[in-house]
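See structure below.
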Amino acid sequence: TRLGYAVTFLGWLVVPLAQIHYDDDMQHISVLVSWLRQQGAFIHRCLEARRCPPFGGRCMGTTCNLQSGELLISIPAFLQLTAYPSLVGSPCPELNKTLPEAKQWHFQEESVLLLLRFLKEHVRGKGSAFQRYMATLPSEYPSI
């Protein structure tokens, strides 16, 4: 798996914990990591999610020294929540008409396609293959 996918995965883990109970949150992450490993993902034994000081968001850190170039994470493609290839195959092809307006607000088309995919998986709930991952996300996000 390319580094970009690993960075994307790690980026999703780094979110504020303002309205999330920390112990429950870490339990969800632990379940997700165990499941990912069972499905063939590699997550370095020294990589861990933890609370970031001073504001309590999530960070990734290591519990041991690493060698330069050492693999930290590799997630098979079938376990990655990816964007629809185009709006034509998405659940909302009529958004094609509004993309020029969305771009004025600095939304990238790929971001819109990923959001649509995420929403579809969210609606599937426990039936979603990504349910374990989605359980690690906050239900609220404080505005800045």
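So you can find residues: chains in the structure tokens are A, B, ... in the order shown, residues in each start at 1, and ligands are numbered from 1 in order.
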Would you mind listing, for every residue of segment 50-77 of chain A within 12 Å of segment 81-102 of chain A, the two atoms forming the shortest contact and the distance between them in Å to one decimal, using only C-alpha atoms, sorted by chain and ascending residue number, as JSON lines?
```
{"residue": "A:Ile75", "atom": "CA", "partner": "A:Leu81", "partner_atom": "CA", "distance": 10.6}
{"residue": "A:Pro76", "atom": "CA", "partner": "A:Leu81", "partner_atom": "CA", "distance": 10.7}
{"residue": "A:Ala77", "atom": "CA", "partner": "A:Leu81", "partner_atom": "CA", "distance": 8.5}
```
Dump as a PDB file, in the first residue's frame, selection limited to N, CA, C and O atoms:
```
ATOM      1  N   ILE A  75      -2.506  -0.986   4.611  1.00  0.00           N
ATOM      2  CA  ILE A  75      -3.918  -1.366   4.620  1.00  0.00           C
ATOM      3  C   ILE A  75      -4.286  -1.863   3.220  1.00  0.00           C
ATOM      4  O   ILE A  75      -4.152  -1.112   2.249  1.00  0.00           O
ATOM      5  N   PRO A  76      -4.762  -3.110   3.082  1.00  0.00           N
ATOM      6  CA  PRO A  76      -5.173  -3.592   1.757  1.00  0.00           C
ATOM      7  C   PRO A  76      -6.255  -2.691   1.152  1.00  0.00           C
ATOM      8  O   PRO A  76      -7.081  -2.122   1.872  1.00  0.00           O
ATOM      9  N   ALA A  77      -6.238  -2.590  -0.160  1.00  0.00           N
ATOM     10  CA  ALA A  77      -7.175  -1.698  -0.862  1.00  0.00           C
ATOM     11  C   ALA A  77      -8.635  -1.991  -0.515  1.00  0.00           C
ATOM     12  O   ALA A  77      -9.441  -1.073  -0.375  1.00  0.00           O
TER      13      ALA A  77
END
```
From a backbone DSSP assignment, name each residue in segment 74-103 of chain A labelled helix (DSSP H, G or I), as a ChimeraX atom specification. /A:77-79,93-103
Per-residue DSSP, segment 21-132 of chain A, filtered to strand (DSSP E or B), as a list of chain:residue names: A:Phe42, A:Ile43, A:Leu47, A:Glu48, A:Ala49, A:Arg50, A:Arg51, A:Cys52, A:Gly57, A:Arg58, A:Cys59, A:Met60, A:Gly61, A:Thr62, A:Ile73, A:Ser74
Output for the residues just chosen: C-alpha atoms as a short mmCIF file (atom, residue, chain, number, x, y, z; two decimals), in the first residue's frame:
```
data_model
loop_
_atom_site.label_atom_id
_atom_site.label_comp_id
_atom_site.auth_asym_id
_atom_site.auth_seq_id
_atom_site.Cartn_x
_atom_site.Cartn_y
_atom_site.Cartn_z
CA PHE A 42 -0.06 -4.55 8.83
CA ILE A 43 0.12 -2.10 11.73
CA LEU A 47 2.36 2.29 16.63
CA GLU A 48 -0.36 3.54 18.95
CA ALA A 49 -3.13 6.10 19.14
CA ARG A 50 -3.01 8.31 22.20
CA ARG A 51 -4.29 11.57 23.59
CA CYS A 52 -2.44 14.66 22.37
CA GLY A 57 -7.15 15.25 20.36
CA ARG A 58 -5.86 11.94 19.02
CA CYS A 59 -2.27 11.51 17.89
CA MET A 60 -0.24 8.64 16.57
CA GLY A 61 3.01 7.79 18.28
CA THR A 62 5.44 4.95 18.67
CA ILE A 73 1.13 0.68 8.33
CA SER A 74 -0.19 -1.08 5.25
#
```
Can you tell me how far atom CA of Val123 of chain A sits from atom CA of Ala135 of chain A, in Å to one decimal? 13.0 Å
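Here the question is which of A:Arg45, A:Arg117, A:Thr136, A:Gln67 gets nearest to Val31 of chain A using only C-alpha atoms, and that residue is A:Thr136.
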